[in-house]
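Participant: The file below is my_file_0.cif, mmCIF, C-alpha atoms:
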data_model
loop_
_atom_site.label_atom_id
_atom_site.label_comp_id
_atom_site.auth_asym_id
_atom_site.auth_seq_id
_atom_site.Cartn_x
_atom_site.Cartn_y
_atom_site.Cartn_z
CA MET M 1 -16.75 -12.38 6.84
CA ASP M 2 -17.79 -10.22 3.90
CA PHE M 3 -14.85 -7.84 3.65
CA VAL M 4 -16.29 -5.77 0.82
CA GLU M 5 -19.46 -4.91 2.72
CA ARG M 6 -17.66 -4.09 5.93
CA ARG M 7 -15.29 -1.67 4.30
CA LYS M 8 -17.84 0.06 2.13
CA THR M 9 -20.31 0.83 4.88
CA GLU M 10 -17.95 2.87 7.03
CA ARG M 11 -18.87 6.54 7.23
CA CYS M 12 -16.71 9.66 7.47
CA ARG M 13 -13.68 8.05 5.85
CA ILE M 14 -12.45 11.30 4.32
CA ASP M 15 -11.03 13.69 6.89
CA ARG M 16 -12.90 16.90 7.63
CA ARG M 17 -10.41 19.27 6.04
CA THR M 18 -10.47 17.39 2.75
CA ARG M 19 -14.25 17.32 2.77
CA LEU M 20 -14.44 21.07 3.34
CA TYR M 21 -11.88 21.72 0.66
CA VAL M 22 -13.65 19.51 -1.92
CA ARG M 23 -16.97 21.19 -1.15
CA PHE M 24 -15.90 24.80 -1.17
CA TRP M 25 -12.99 25.29 -3.56
CA PRO M 26 -15.36 26.27 -6.42
CA ALA M 27 -16.55 29.21 -4.28
CA ILE M 28 -13.01 30.60 -4.19
CA ILE M 29 -12.73 30.20 -7.95
CA GLY M 30 -16.17 31.75 -8.33
CA THR M 31 -15.09 34.81 -6.37
CA SER M 32 -12.02 35.40 -8.52
CA TYR M 33 -13.92 34.94 -11.78
CA LEU M 34 -16.73 37.26 -10.62
CA LEU M 35 -14.12 39.90 -9.82
CA ILE M 36 -12.70 39.46 -13.33
CA GLY M 37 -16.21 39.66 -14.78
CA PHE M 38 -17.44 42.74 -12.90
CA TRP M 39 -14.19 44.68 -13.00
CA PRO M 40 -12.87 43.65 -16.36
CA VAL M 41 -9.70 44.67 -18.11
CA ASN M 42 -10.55 45.08 -21.78
CA PHE M 43 -7.64 43.63 -23.68
CA PHE M 44 -8.99 43.57 -27.20
CA GLY M 45 -11.12 46.74 -27.32
CA ASN M 46 -14.08 45.22 -29.15
CA ASN M 47 -17.18 43.07 -28.51
CA ILE M 48 -15.15 39.98 -27.83
CA ASP M 49 -14.22 41.53 -24.47
CA VAL M 50 -17.93 41.55 -23.60
CA PHE M 51 -18.11 37.84 -24.43
CA TYR M 52 -15.14 37.07 -22.18
CA ASN M 53 -16.61 39.16 -19.36
CA TRP M 54 -19.88 37.27 -19.56
CA ALA M 55 -17.97 33.97 -19.66
CA SER M 56 -16.16 35.05 -16.46
CA ILE M 57 -19.42 35.97 -14.76
CA ALA M 58 -20.99 32.67 -15.82
CA THR M 59 -17.95 30.77 -14.49
CA GLY M 60 -18.11 32.70 -11.23
CA LEU M 61 -21.82 32.04 -10.72
CA LEU M 62 -21.37 28.38 -11.56
CA GLY M 63 -18.58 28.28 -8.99
CA TYR M 64 -20.92 29.46 -6.22
CA LEU M 65 -23.69 27.20 -7.41
CA SER M 66 -21.43 24.15 -7.44
CA ALA M 67 -20.20 25.01 -3.93
CA CYS M 68 -23.83 25.06 -2.74
CA CYS M 69 -24.95 22.00 -4.73
CA TRP M 70 -21.72 20.11 -4.21
CA LYS M 71 -23.27 16.73 -4.86
CA ARG M 72 -23.95 17.65 -8.48
CA GLY M 73 -20.64 16.96 -10.14
CA TRP M 74 -21.77 18.21 -13.52
CA LEU M 75 -21.85 21.82 -12.23
CA ARG M 76 -18.14 21.68 -11.45
CA ASN M 77 -17.61 19.99 -14.79
CA VAL M 78 -19.25 22.87 -16.67
CA MET M 79 -17.50 25.51 -14.54
CA ALA M 80 -14.04 24.04 -15.17
CA SER M 81 -14.79 23.58 -18.86
CA LEU M 82 -15.99 27.17 -19.22
CA ALA M 83 -12.86 28.47 -17.47
CA LEU M 84 -10.60 26.34 -19.65
CA GLY M 85 -12.43 27.20 -22.86
CA ARG M 86 -12.36 30.92 -22.04
CA SER M 87 -8.62 30.90 -21.37
CA PHE M 88 -7.74 28.97 -24.50
CA SER M 89 -10.02 31.21 -26.53
CA VAL M 90 -8.29 34.32 -25.15
CA VAL M 91 -4.90 32.88 -26.08
CA ILE M 92 -6.00 32.15 -29.64
CA THR M 93 -7.69 35.56 -30.02
CA ALA M 94 -4.54 37.28 -28.74
CA LEU M 95 -2.65 35.80 -31.67
CA PHE M 96 -4.85 37.72 -34.14
CA VAL M 97 -5.11 41.06 -32.38
CA GLU M 98 -3.74 44.20 -34.09
CA PRO M 99 -1.65 45.84 -32.69
CA PRO M 100 -0.10 43.06 -30.57
CA LEU M 101 -0.92 43.14 -26.86
CA PRO M 102 1.49 44.85 -24.45
CA PHE M 103 3.71 42.68 -22.30
CA GLY M 104 1.73 43.33 -19.09
CA SER M 105 -1.51 42.12 -20.71
CA ILE M 106 0.20 39.02 -22.04
CA MET M 107 1.50 38.21 -18.55
CA ARG M 108 -1.96 38.70 -17.05
CA LEU M 109 -3.53 36.46 -19.67
CA THR M 110 -0.85 33.83 -19.05
CA ALA M 111 -1.61 33.87 -15.34
CA SER M 112 -5.33 33.44 -15.95
CA GLY M 113 -4.59 30.61 -18.38
CA ILE M 114 -2.50 28.80 -15.81
CA LEU M 115 -5.28 29.30 -13.27
CA ALA M 116 -7.83 27.80 -15.68
CA VAL M 117 -5.65 24.74 -16.31
CA PHE M 118 -5.20 24.36 -12.56
CA ILE M 119 -8.98 24.55 -12.04
CA PHE M 120 -9.52 21.91 -14.71
CA CYS M 121 -6.94 19.61 -13.09
CA LEU M 122 -8.61 20.11 -9.69
CA ALA M 123 -12.00 19.24 -11.16
CA VAL M 124 -10.57 16.04 -12.65
CA VAL M 125 -8.58 14.96 -9.59
CA GLU M 126 -11.40 15.47 -7.08
CA ILE M 127 -13.81 13.12 -8.92
CA PRO M 128 -13.10 9.96 -6.84
CA TYR M 129 -13.21 11.93 -3.56
CA LEU M 130 -16.46 13.61 -4.53
CA LYS M 131 -17.94 10.23 -5.39
CA ALA M 132 -16.83 8.87 -2.00
CA MET M 133 -18.40 11.85 -0.21
CA VAL M 134 -21.66 11.55 -2.15
CA ALA M 135 -21.77 7.80 -1.49
CA ASP M 136 -21.11 8.40 2.22
CA GLY M 137 -23.90 10.97 2.30
CA ARG M 138 -26.36 8.49 0.81
CA ARG M 139 -25.73 5.79 3.44
CA MET O 1 -11.84 38.89 -43.93
CA ASP O 2 -10.92 41.60 -41.44
CA VAL O 3 -9.09 40.96 -38.22
CA ASP O 4 -12.19 41.49 -36.05
CA ASN O 5 -14.14 38.72 -37.76
CA LEU O 6 -11.15 36.44 -37.62
CA GLN O 7 -10.86 37.12 -33.90
CA TYR O 8 -14.51 36.27 -33.34
CA ILE O 9 -14.31 33.06 -35.33
CA ALA O 10 -11.01 31.95 -33.79
CA GLY O 11 -12.02 32.97 -30.27
CA GLY O 12 -15.52 31.56 -30.43
CA GLY O 13 -14.48 28.38 -32.18
CA THR O 14 -11.68 27.71 -29.70
CA PHE O 15 -13.99 28.39 -26.77
CA LEU O 16 -16.66 25.99 -28.01
CA GLY O 17 -14.15 23.33 -28.99
CA ILE O 18 -12.11 23.35 -25.79
CA ALA O 19 -15.11 23.75 -23.47
CA GLY O 20 -16.98 20.95 -25.26
CA PHE O 21 -13.95 18.66 -25.14
CA ALA O 22 -13.41 19.38 -21.43
CA VAL O 23 -17.07 18.71 -20.59
CA VAL O 24 -17.05 15.38 -22.43
CA LEU O 25 -13.74 14.34 -20.86
CA ILE O 26 -14.84 15.08 -17.31
CA LEU O 27 -18.23 13.44 -17.91
CA LYS O 28 -16.47 10.26 -19.06
CA LEU O 29 -14.19 10.35 -16.03
CA GLN O 30 -17.16 10.88 -13.71
CA SER O 31 -19.11 8.00 -15.18
CA ASN O 32 -16.13 5.61 -15.09
CA ALA O 33 -14.67 6.65 -11.77
CA GLU O 34 -15.14 4.71 -8.59
CA ASP O 35 -14.56 6.35 -5.26
CA VAL O 36 -11.11 5.94 -3.66
CA PHE O 37 -12.37 3.77 -0.82
CA GLU O 38 -14.24 1.41 -3.10
CA ARG O 39 -11.09 0.85 -5.12
CA ARG O 40 -9.00 0.35 -2.01
CA ALA O 41 -11.63 -1.94 -0.48
CA ASP O 42 -11.78 -4.04 -3.64
CA ARG O 43 -8.00 -4.43 -3.71
CA GLN O 44 -7.87 -5.31 -0.04
CA SER O 45 -10.73 -7.78 -0.44
CA ALA O 46 -8.95 -9.41 -3.38
CA THR O 47 -5.74 -9.68 -1.34
CA ILE O 48 -7.61 -11.14 1.63
CA LYS O 49 -9.43 -13.65 -0.56
CA ASP O 50 -6.16 -14.69 -2.21
CA LEU O 51 -4.56 -15.13 1.21
CA ASP O 52 -7.60 -17.12 2.32
CA VAL O 53 -7.27 -19.48 -0.68
CA MET O 54 -3.54 -19.85 -0.02
CA SER O 55 -4.10 -20.64 3.65
CA GLN O 56 -6.74 -23.27 2.75
CA GLU O 57 -4.32 -24.91 0.31
CA LEU O 58 -1.62 -24.93 2.97
CA ARG O 59 -4.05 -26.46 5.47
CA LEU O 60 -4.95 -29.21 2.99
CA ARG O 61 -1.28 -29.95 2.41
CA LEU O 62 -0.69 -29.94 6.15
CA ASP O 63 -3.52 -32.48 6.58
CA GLU O 64 -2.10 -34.67 3.84
CA CYS O 65 1.37 -34.52 5.37
CA HIS O 66 -0.07 -35.38 8.77
CA LYS O 67 -1.92 -38.40 7.37
CA GLU O 68 1.21 -39.53 5.56
CA ARG O 69 3.20 -39.17 8.77
CA VAL O 70 0.63 -41.21 10.72
CA THR O 71 0.75 -43.90 8.02
CA LEU O 72 4.53 -43.97 8.12
CA VAL O 73 4.60 -44.08 11.93
CA ASN O 74 2.18 -47.04 11.89
CA GLU O 75 4.35 -48.75 9.28
CA VAL O 76 7.42 -48.21 11.45
CA ILE O 77 5.59 -49.67 14.46
CA ASN O 78 4.50 -52.66 12.37
CA LEU O 79 8.00 -53.19 11.06
CA ARG O 80 9.47 -52.97 14.57
CA SER O 81 7.04 -55.55 15.89
CA ARG O 82 7.81 -57.73 12.88
CA VAL O 83 11.55 -57.33 13.61
CA GLU O 84 10.93 -58.35 17.24
CA GLU O 85 8.97 -61.40 16.12
CA LEU O 86 11.77 -62.41 13.78
CA GLU O 87 14.33 -61.89 16.55
CA GLN O 88 12.29 -64.20 18.79
CA ILE O 89 12.13 -66.79 16.02
CA VAL O 90 15.88 -66.57 15.41
CA LYS O 91 16.62 -66.88 19.16
CA GLY O 92 14.27 -69.81 19.43
CA ASN O 93 15.94 -71.55 16.49
CA HIS O 94 19.40 -70.87 17.91
CA ASN O 95 18.41 -72.24 21.36
CA GLY O 96 16.79 -75.29 19.77
CA ASN O 97 19.99 -76.02 17.85
#
Please express what this file holds, its structure, as C-alpha coordinates.
Facilitator:
Amino acid sequence: MDFVERRKTERCRIDRRTRLYVRFWPAIIGTSYLLIGFWPVNFFGNNIDVFYNWASIATGLLGYLSACCWKRGWLRNVMASLALGRSFSVVITALFVEPPLPFGSIMRLTASGILAVFIFCLAVVEIPYLKAMVADGRR
Amino acid sequence: MDVDNLQYIAGGGTFLGIAGFAVVLILKLQSNAEDVFERRADRQSATIKDLDVMSQELRLRLDECHKERVTLVNEVINLRSRVEELEQIVKGNHNGN
(Lines of atoms letter the chains of each structure in order from A and count residues from 1; the text may use other names and numbers.)
(Lines give C-alpha, C1' and ligand atoms only; values in the text may rest on other atoms or scores of the structure.)
Protein backbone atom coordinates (compact mmCIF):
# COMPACT_ATOMS: atom_id res chain seq x y z
CA MET A 1 0.00 0.00 0.00
CA ASP A 2 1.28 3.46 -0.88
CA PHE A 3 0.57 5.37 2.32
CA VAL A 4 1.77 8.72 1.02
CA GLU A 5 -0.61 8.72 -1.93
CA ARG A 6 -3.58 7.59 0.10
CA ARG A 7 -3.20 10.29 2.68
CA LYS A 8 -2.50 13.11 0.27
CA THR A 9 -5.49 12.53 -1.96
CA GLU A 10 -8.13 12.95 0.72
CA ARG A 11 -10.28 16.03 0.28
CA CYS A 12 -11.87 18.37 2.82
CA ARG A 13 -9.35 17.59 5.55
CA ILE A 14 -9.59 21.05 7.10
CA ASP A 15 -12.87 21.62 8.93
CA ARG A 16 -15.34 24.11 7.51
CA ARG A 17 -14.95 26.75 10.20
CA THR A 18 -11.18 26.87 9.77
CA ARG A 19 -11.56 27.12 6.01
CA LEU A 20 -13.99 30.02 6.31
CA TYR A 21 -11.78 31.76 8.81
CA VAL A 22 -8.62 31.37 6.67
CA ARG A 23 -10.48 32.68 3.62
CA PHE A 24 -12.21 35.67 5.13
CA TRP A 25 -10.13 37.08 7.97
CA PRO A 26 -8.44 39.61 5.62
CA ALA A 27 -11.89 41.08 4.90
CA ILE A 28 -12.33 41.92 8.59
CA ILE A 29 -8.89 43.53 8.66
CA GLY A 30 -9.71 45.32 5.42
CA THR A 31 -12.85 46.81 6.96
CA SER A 32 -11.00 48.17 9.98
CA TYR A 33 -8.20 49.65 7.89
CA LEU A 34 -10.65 51.24 5.45
CA LEU A 35 -12.43 52.85 8.40
CA ILE A 36 -9.07 54.19 9.60
CA GLY A 37 -8.29 55.41 6.08
CA PHE A 38 -11.60 57.15 5.33
CA TRP A 39 -12.19 58.57 8.80
CA PRO A 40 -8.66 59.34 9.82
CA VAL A 41 -7.37 60.85 13.01
CA ASN A 42 -4.54 63.20 12.07
CA PHE A 43 -1.88 62.71 14.69
CA PHE A 44 1.01 64.61 13.19
CA GLY A 45 -0.73 67.54 11.47
CA ASN A 46 1.31 67.46 8.27
CA ASN A 47 1.54 65.56 4.95
CA ILE A 48 2.76 62.41 6.61
CA ASP A 49 -0.80 61.90 7.87
CA VAL A 50 -1.93 61.77 4.23
CA PHE A 51 0.66 59.07 3.55
CA TYR A 52 -0.55 56.99 6.50
CA ASN A 53 -4.18 57.41 5.43
CA TRP A 54 -3.37 56.19 1.94
CA ALA A 55 -1.39 53.28 3.42
CA SER A 56 -4.49 52.37 5.49
CA ILE A 57 -6.74 52.53 2.45
CA ALA A 58 -4.30 50.42 0.43
CA THR A 59 -4.15 47.85 3.26
CA GLY A 60 -7.94 47.81 3.49
CA LEU A 61 -8.41 47.30 -0.25
CA LEU A 62 -5.77 44.59 -0.30
CA GLY A 63 -7.62 42.93 2.57
CA TYR A 64 -10.83 42.68 0.51
CA LEU A 65 -8.93 41.62 -2.57
CA SER A 66 -7.10 38.86 -0.70
CA ALA A 67 -10.41 37.65 0.78
CA CYS A 68 -11.82 37.37 -2.76
CA CYS A 69 -8.66 35.91 -4.34
CA TRP A 70 -7.81 33.76 -1.35
CA LYS A 71 -5.67 31.36 -3.34
CA ARG A 72 -3.14 34.09 -4.06
CA GLY A 73 -1.03 34.09 -0.94
CA TRP A 74 1.10 37.01 -2.05
CA LEU A 75 -1.87 39.41 -1.62
CA ARG A 76 -2.08 38.58 2.08
CA ASN A 77 1.68 38.84 2.24
CA VAL A 78 1.64 42.40 0.90
CA MET A 79 -1.36 43.38 3.05
CA ALA A 80 0.28 42.18 6.27
CA SER A 81 3.59 43.78 5.31
CA LEU A 82 1.93 47.11 4.55
CA ALA A 83 0.09 47.04 7.89
CA LEU A 84 3.27 46.18 9.78
CA GLY A 85 5.38 48.74 7.93
CA ARG A 86 2.78 51.46 8.49
CA SER A 87 2.60 50.79 12.22
CA PHE A 88 6.35 50.71 12.72
CA SER A 89 6.69 53.86 10.65
CA VAL A 90 4.09 55.63 12.82
CA VAL A 91 5.97 54.62 15.96
CA ILE A 92 9.26 55.95 14.62
CA THR A 93 7.66 59.18 13.36
CA ALA A 94 6.01 59.71 16.74
CA LEU A 95 9.46 59.82 18.31
CA PHE A 96 10.35 62.92 16.25
CA VAL A 97 7.11 64.87 16.49
CA GLU A 98 7.09 68.31 18.16
CA PRO A 99 5.27 68.79 20.50
CA PRO A 100 5.05 65.19 21.78
CA LEU A 101 1.77 63.40 21.15
CA PRO A 102 -0.92 63.39 23.86
CA PHE A 103 -1.41 60.23 25.88
CA GLY A 104 -4.67 59.27 24.13
CA SER A 105 -3.00 59.36 20.70
CA ILE A 106 -0.10 57.28 21.95
CA MET A 107 -2.53 54.66 23.29
CA ARG A 108 -4.42 54.59 19.99
CA LEU A 109 -1.19 54.19 18.04
CA THR A 110 -0.09 51.41 20.40
CA ALA A 111 -3.35 49.57 19.82
CA SER A 112 -2.99 49.83 16.04
CA GLY A 113 0.61 48.64 16.32
CA ILE A 114 -0.44 45.59 18.28
CA LEU A 115 -3.14 44.91 15.69
CA ALA A 116 -0.57 45.11 12.88
CA VAL A 117 1.76 42.66 14.63
CA PHE A 118 -1.19 40.35 15.19
CA ILE A 119 -2.12 40.55 11.49
CA PHE A 120 1.46 39.75 10.50
CA CYS A 121 1.53 36.74 12.85
CA LEU A 122 -1.80 35.52 11.41
CA ALA A 123 -0.45 35.84 7.87
CA VAL A 124 2.61 33.79 8.83
CA VAL A 125 0.77 31.10 10.80
CA GLU A 126 -1.92 30.46 8.17
CA ILE A 127 0.61 29.63 5.41
CA PRO A 128 0.53 25.80 5.81
CA TYR A 129 -3.29 25.76 6.09
CA LEU A 130 -3.66 27.97 3.04
CA LYS A 131 -1.34 25.67 1.11
CA ALA A 132 -3.41 22.66 2.18
CA MET A 133 -6.62 24.38 1.08
CA VAL A 134 -5.16 25.41 -2.27
CA ALA A 135 -3.80 21.90 -2.82
CA ASP A 136 -7.20 20.41 -1.93
CA GLY A 137 -8.88 22.78 -4.37
CA ARG A 138 -6.58 21.67 -7.18
CA ARG A 139 -7.37 17.95 -6.78
CA MET B 1 17.37 69.62 9.04
CA ASP B 2 13.95 70.55 10.40
CA VAL B 3 11.72 68.16 12.28
CA ASP B 4 9.29 67.74 9.37
CA ASN B 5 11.97 66.45 7.01
CA LEU B 6 13.33 64.19 9.71
CA GLN B 7 9.84 62.79 10.24
CA TYR B 8 9.43 62.08 6.54
CA ILE B 9 12.79 60.38 6.25
CA ALA B 10 12.39 58.36 9.45
CA GLY B 11 8.76 57.48 8.73
CA GLY B 12 9.27 56.65 5.07
CA GLY B 13 12.50 54.78 5.63
CA THR B 14 11.02 52.68 8.43
CA PHE B 15 7.93 51.92 6.35
CA LEU B 16 9.95 50.76 3.36
CA GLY B 17 12.41 48.81 5.47
CA ILE B 18 9.88 46.98 7.63
CA ALA B 19 7.40 46.36 4.81
CA GLY B 20 10.17 45.07 2.53
CA PHE B 21 11.56 42.81 5.25
CA ALA B 22 8.08 41.45 6.04
CA VAL B 23 7.33 40.74 2.36
CA VAL B 24 10.62 38.87 1.89
CA LEU B 25 10.15 36.90 5.11
CA ILE B 26 6.64 35.75 4.26
CA LEU B 27 7.65 34.96 0.67
CA LYS B 28 10.44 32.72 1.97
CA LEU B 29 8.05 31.02 4.37
CA GLN B 30 5.49 30.51 1.60
CA SER B 31 8.03 29.00 -0.75
CA ASN B 32 9.48 26.67 1.90
CA ALA B 33 6.27 25.70 3.62
CA GLU B 34 4.51 22.43 3.05
CA ASP B 35 0.89 22.03 3.98
CA VAL B 36 0.09 20.56 7.42
CA PHE B 37 -1.34 17.35 6.02
CA GLU B 38 1.63 16.69 3.77
CA ARG B 39 3.96 17.00 6.74
CA ARG B 40 1.78 14.78 8.89
CA ALA B 41 1.38 12.25 6.06
CA ASP B 42 5.14 12.14 5.51
CA ARG B 43 5.78 11.52 9.20
CA GLN B 44 3.13 8.85 9.39
CA SER B 45 4.45 7.21 6.22
CA ALA B 46 7.97 7.21 7.65
CA THR B 47 6.70 5.64 10.90
CA ILE B 48 4.72 3.01 8.99
CA LYS B 49 7.70 2.18 6.78
CA ASP B 50 9.98 1.88 9.82
CA LEU B 51 7.45 -0.42 11.50
CA ASP B 52 7.22 -2.43 8.28
CA VAL B 53 11.01 -2.89 8.18
CA MET B 54 11.02 -3.86 11.87
CA SER B 55 8.25 -6.40 11.37
CA GLN B 56 10.10 -7.94 8.39
CA GLU B 57 13.27 -8.26 10.47
CA LEU B 58 11.29 -9.89 13.26
CA ARG B 59 9.70 -12.30 10.77
CA LEU B 60 13.13 -13.26 9.44
CA ARG B 61 14.38 -13.89 12.95
CA LEU B 62 11.26 -15.88 13.70
CA ASP B 63 11.90 -18.03 10.60
CA GLU B 64 15.51 -18.57 11.61
CA CYS B 65 14.48 -19.53 15.14
CA HIS B 66 11.88 -21.92 13.76
CA LYS B 67 14.44 -23.60 11.48
CA GLU B 68 16.88 -23.88 14.36
CA ARG B 69 14.16 -25.41 16.52
CA VAL B 70 13.30 -27.94 13.80
CA THR B 71 16.99 -28.82 13.47
CA LEU B 72 17.32 -29.26 17.21
CA VAL B 73 14.14 -31.35 17.43
CA ASN B 74 15.45 -33.63 14.67
CA GLU B 75 18.77 -33.91 16.49
CA VAL B 76 16.96 -34.83 19.70
CA ILE B 77 14.96 -37.49 17.83
CA ASN B 78 18.17 -38.85 16.29
CA LEU B 79 19.92 -38.91 19.63
CA ARG B 80 16.96 -40.67 21.27
CA SER B 81 16.91 -43.35 18.60
CA ARG B 82 20.69 -43.70 18.96
CA VAL B 83 20.24 -44.05 22.74
CA GLU B 84 17.60 -46.76 22.16
CA GLU B 85 19.93 -48.60 19.79
CA LEU B 86 22.73 -48.46 22.33
CA GLU B 87 20.36 -49.68 25.06
CA GLN B 88 19.43 -52.65 22.84
CA ILE B 89 23.11 -53.39 22.24
CA VAL B 90 23.89 -53.19 25.96
CA LYS B 91 20.94 -55.48 26.82
CA GLY B 92 21.97 -57.90 24.14
CA ASN B 93 25.55 -57.99 25.44
CA HIS B 94 24.34 -58.44 29.02
CA ASN B 95 22.01 -61.32 28.02
CA GLY B 96 24.76 -62.95 25.96
CA ASN B 97 27.10 -62.83 28.97
Participant: Could you give me, as a VMD selection string, the residues within 9 Å of Ser89 in chain M, counting all atoms listed in the file and dropping anything in the same chain fewer than 2 positions from it?
Facilitator: (chain M and resid 52 84 to 87 91 to 94) or (chain O and resid 10 to 16 18)
Participant: Selection in question (the file shown): the PyMOL selection byres ((chain M) within 7 of (chain O)). Which residues does it include, as a PyMOL selection string?
Facilitator: chain M and resi 3-4+7-8+48+77-78+81-82+84-86+88-90+92-93+96+124+127-129+131-132
Participant: Find the spatial neighbours of Tyr64 in chain M, counting all atoms listed in the file, within a cut-off of 6 Å - ignore same-chain residues fewer than 3 positions away - and output them as a PyMOL selection string.
Facilitator: chain M and resi 27+30+61+67
Participant: In the coordinate frame of the file, compute which residues have an atom within 9 Å of (-16.5, 25.5, -8.6) when using all atoms listed in the file, and state them as a list in words.
Facilitator: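 Here the neighbourhood of the point contains Arg23, Phe24, Trp25, Pro26, Ala27, Ile28, Ile29, Gly30, Thr59, Gly60, Leu61, Leu62, Gly63, Tyr64, Leu65, Ser66, Ala67, Trp70, Leu75, Arg76, Asn77, Val78, Met79, Ala80, Ile119 and Ala123 of chain M.
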Participant: If you measure from CA of Gly37 in chain M to CA of Val50 in chain M, what distance in Å do you get, rounded to one decimal?
Facilitator: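 The value is 9.2 Å.
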Participant: If I take CA of Ala58 in chain M and CA of Arg72 in chain M, how far is one from the other in Å, to one decimal?
Facilitator: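 According to the coordinates, CA of Ala58 in chain M and CA of Arg72 in chain M are separated by 17.0 Å.
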Participant: Of the residues M:Tyr33, M:Phe43, M:Tyr21, M:Trp74, which is the one nearest to Ala55 in chain M, using only C-alpha atoms?
Facilitator: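 Under the stated criterion, the closest residue is M:Tyr33.
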Participant: One decimal, in Å: what's the spacing between CA of Pro100 in chain M and CA of Asn42 in chain M?
Facilitator: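 Interatomic distance here is 13.8 Å.
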Participant: Between M:Leu130, M:Ser32, M:Trp54, M:Leu20, which is the closest to Leu115 in chain M once you count only C-alpha atoms?
Facilitator: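 Closest to Leu115 in chain M, using only C-alpha atoms: M:Ser32.
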Participant: Rank M:Ala111, M:Ala83, M:Val22, M:Leu101 by their smallest atom-to-atom distance to Cys68 in chain M, using all atoms listed in the file, and report the top residue only.
Facilitator: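 Of all the options, M:Val22 lies closest to Cys68 in chain M.
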